[in-house]
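Undergrad: This is the structure I have questions about; it appears just below.
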Amino acid sequence: LPGLLSEMYCFVILATCSPCHLQSDLLLFYIVPLFNSQLFLLIIGFFLTGVVGHYLTIIYQDVSWERDKKYEVFKQEIEEAKRALEEVNLHISSRTYKLQKTHWALENGDLSNANKEYKQYVEEKDLWNQKVRIYRNKIKRLVDHDLAFKLLDSNNAVNIANKESVHAYFAIAHAKTRLWKRCLAEECSDKSEKQKTAHVALNELFKATDKFIDNSYTIFLGKYKNLKNSPNAQH
């Protein structure tokens, strides 16, 4: 290194003091051998390695930060999806159970108890009607678009059931149960028929809700496995 610096110093002195026609000769004599020297190439190599390494480190850190950020956002969405599905499916189970309790009371011919159970069921039904659109929007955003419309159909049906959604099956079962209860109270002649249609509607509701709950957790587990198998989850 001292020899290289001495050569560079001599070149600067001679270049500044020599006539212009000699400067090209000086360039060939000092600069070209300097550029070809192993020491010069070594210095340039260290310099380029440092600069390139610095920028590669910055790029890697930026990519890692972006990946970690996406992982955390996805993890948070998974937790929100889990809570949303638990809330929806618990409400489905609660409403179907209270409707079934009304059926049990009606089967026993106990109108007083049937009215009591039906009143509790109607309260649950009204709460469901208040929340079902919120449920659908949460599932649409956090879980799955098609699953959301299996909960509440695209027509936002409340009183008109078209069997496109869990909500539609609820509406049908509710209407058939109400007719059966009214028939028993009025001592109508086709009580057995009303009871039969109410039971059919309740069984269809059970099938629809079971399918919805199974599908919801299948979709959720798929998302959870994607999160678990992501590179960030391995650390």
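Chain lettering (A, B, ...) mirrors the order of the structure tokens, residue numbering begins at 1 for each chain separately, and ligand numbering begins at 1 in order of display.
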Using only C-alpha atoms, determine which residues lie at most 9 Å from Ser216 in chain A, disregarding the query and same-chain residues fewer than 5 positions distant; provide the list as number ranges by chain.
TA: A: 85, 89, 143-144, 147, 211, 221
Undergrad: Skip His167 in chain A itself and residues of its chain fewer than 3 positions away, then list as a ChimeraX atom specification all residues within 7 Å of it, counting only C-alpha atoms.
TA: /A:151-152,170-171
Undergrad: Mind dumping the selected residues with all heavy atoms as an mmCIF file, in the first residue's frame?
TA:
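Contents of the output file out.cif:
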data_model
loop_
_atom_site.group_PDB
_atom_site.id
_atom_site.type_symbol
_atom_site.label_atom_id
_atom_site.label_comp_id
_atom_site.auth_asym_id
_atom_site.auth_seq_id
_atom_site.Cartn_x
_atom_site.Cartn_y
_atom_site.Cartn_z
ATOM 1 N N LEU A 151 -75.532 -18.027 4.520
ATOM 2 C CA LEU A 151 -76.152 -17.635 5.791
ATOM 3 C C LEU A 151 -77.377 -16.771 5.538
ATOM 4 O O LEU A 151 -78.451 -17.024 6.089
ATOM 5 C CB LEU A 151 -75.152 -16.871 6.654
ATOM 6 C CG LEU A 151 -75.670 -16.430 8.024
ATOM 7 C CD1 LEU A 151 -75.850 -17.628 8.947
ATOM 8 C CD2 LEU A 151 -74.711 -15.414 8.652
ATOM 9 N N LEU A 152 -77.208 -15.758 4.721
ATOM 10 C CA LEU A 152 -78.314 -14.864 4.349
ATOM 11 C C LEU A 152 -78.216 -14.626 2.857
ATOM 12 O O LEU A 152 -77.187 -14.159 2.367
ATOM 13 C CB LEU A 152 -78.221 -13.539 5.108
ATOM 14 C CG LEU A 152 -79.256 -12.474 4.743
ATOM 15 C CD1 LEU A 152 -80.671 -12.944 5.093
ATOM 16 C CD2 LEU A 152 -78.947 -11.152 5.439
ATOM 17 N N PHE A 170 -84.658 -21.054 8.468
ATOM 18 C CA PHE A 170 -85.205 -20.584 9.743
ATOM 19 C C PHE A 170 -86.603 -19.997 9.551
ATOM 20 O O PHE A 170 -87.524 -20.258 10.342
ATOM 21 C CB PHE A 170 -84.292 -19.521 10.362
ATOM 22 C CG PHE A 170 -83.282 -20.051 11.331
ATOM 23 C CD1 PHE A 170 -81.945 -19.720 11.224
ATOM 24 C CD2 PHE A 170 -83.673 -20.877 12.388
ATOM 25 C CE1 PHE A 170 -81.006 -20.214 12.124
ATOM 26 C CE2 PHE A 170 -82.748 -21.370 13.292
ATOM 27 C CZ PHE A 170 -81.402 -21.033 13.164
ATOM 28 N N ALA A 171 -86.755 -19.201 8.505
ATOM 29 C CA ALA A 171 -88.047 -18.554 8.264
ATOM 30 C C ALA A 171 -89.138 -19.582 7.986
ATOM 31 O O ALA A 171 -90.274 -19.449 8.472
ATOM 32 C CB ALA A 171 -87.916 -17.581 7.088
#
Undergrad: Expressed in Å to a single decimal, how great is the separation between CA of Leu127 in chain A and CA of Lys196 in chain A?
TA: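 Answer for the CA of Leu127 in chain A to CA of Lys196 in chain A separation: 27.4 Å.
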Undergrad: Using only C-alpha atoms, which residues sit within 10 Å of Asn203 in chain A once same-chain residues fewer than 5 positions away are excluded, as an MDAnalysis selection string?
TA: chainID A and resid 100 169 173 197:198 208:209
Undergrad: Go ahead and save the residues from that selection, with N, CA, C and O atoms, as a PDB file, in the first residue's frame.
TA:
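Once written, out-v4.pdb looks like this:
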ATOM      1  N   GLN A 100     -86.743 -26.113  18.827  1.00  0.00           N
ATOM      2  CA  GLN A 100     -86.994 -27.523  19.115  1.00  0.00           C
ATOM      3  C   GLN A 100     -87.736 -27.691  20.452  1.00  0.00           C
ATOM      4  O   GLN A 100     -88.620 -28.547  20.575  1.00  0.00           O
ATOM      5  N   TYR A 169     -84.225 -21.146   5.737  1.00  0.00           N
ATOM      6  CA  TYR A 169     -84.714 -22.349   6.420  1.00  0.00           C
ATOM      7  C   TYR A 169     -85.274 -22.016   7.796  1.00  0.00           C
ATOM      8  O   TYR A 169     -86.260 -22.612   8.239  1.00  0.00           O
ATOM      9  N   ALA A 173     -89.170 -22.856   8.933  1.00  0.00           N
ATOM     10  CA  ALA A 173     -89.446 -23.615  10.158  1.00  0.00           C
ATOM     11  C   ALA A 173     -90.249 -22.784  11.154  1.00  0.00           C
ATOM     12  O   ALA A 173     -91.150 -23.302  11.829  1.00  0.00           O
ATOM     13  N   THR A 197     -95.842 -31.145   8.809  1.00  0.00           N
ATOM     14  CA  THR A 197     -95.116 -30.153   8.007  1.00  0.00           C
ATOM     15  C   THR A 197     -94.128 -29.352   8.867  1.00  0.00           C
ATOM     16  O   THR A 197     -93.045 -28.978   8.395  1.00  0.00           O
ATOM     17  N   ALA A 198     -94.500 -29.118  10.120  1.00  0.00           N
ATOM     18  CA  ALA A 198     -93.592 -28.407  11.030  1.00  0.00           C
ATOM     19  C   ALA A 198     -92.353 -29.259  11.315  1.00  0.00           C
ATOM     20  O   ALA A 198     -91.227 -28.749  11.368  1.00  0.00           O
ATOM     21  N   ALA A 208     -79.645 -28.066   7.121  1.00  0.00           N
ATOM     22  CA  ALA A 208     -79.039 -26.860   6.544  1.00  0.00           C
ATOM     23  C   ALA A 208     -78.033 -26.223   7.498  1.00  0.00           C
ATOM     24  O   ALA A 208     -76.940 -25.803   7.082  1.00  0.00           O
ATOM     25  N   THR A 209     -78.390 -26.161   8.780  1.00  0.00           N
ATOM     26  CA  THR A 209     -77.483 -25.547   9.758  1.00  0.00           C
ATOM     27  C   THR A 209     -76.253 -26.416   9.998  1.00  0.00           C
ATOM     28  O   THR A 209     -75.139 -25.896  10.138  1.00  0.00           O
TER      29      THR A 209
END
Undergrad: Go ahead and compute the interatomic distance for CA of Val122 in chain A and CA of Arg178 in chain A, in Å to one decimal.
TA: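 Separating CA of Val122 in chain A from CA of Arg178 in chain A is a distance of 10.4 Å.
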Undergrad: Work out how far apart CA of Gln120 in chain A and CA of Glu204 in chain A are and give it in Å to one decimal.
TA: 21.6 Å
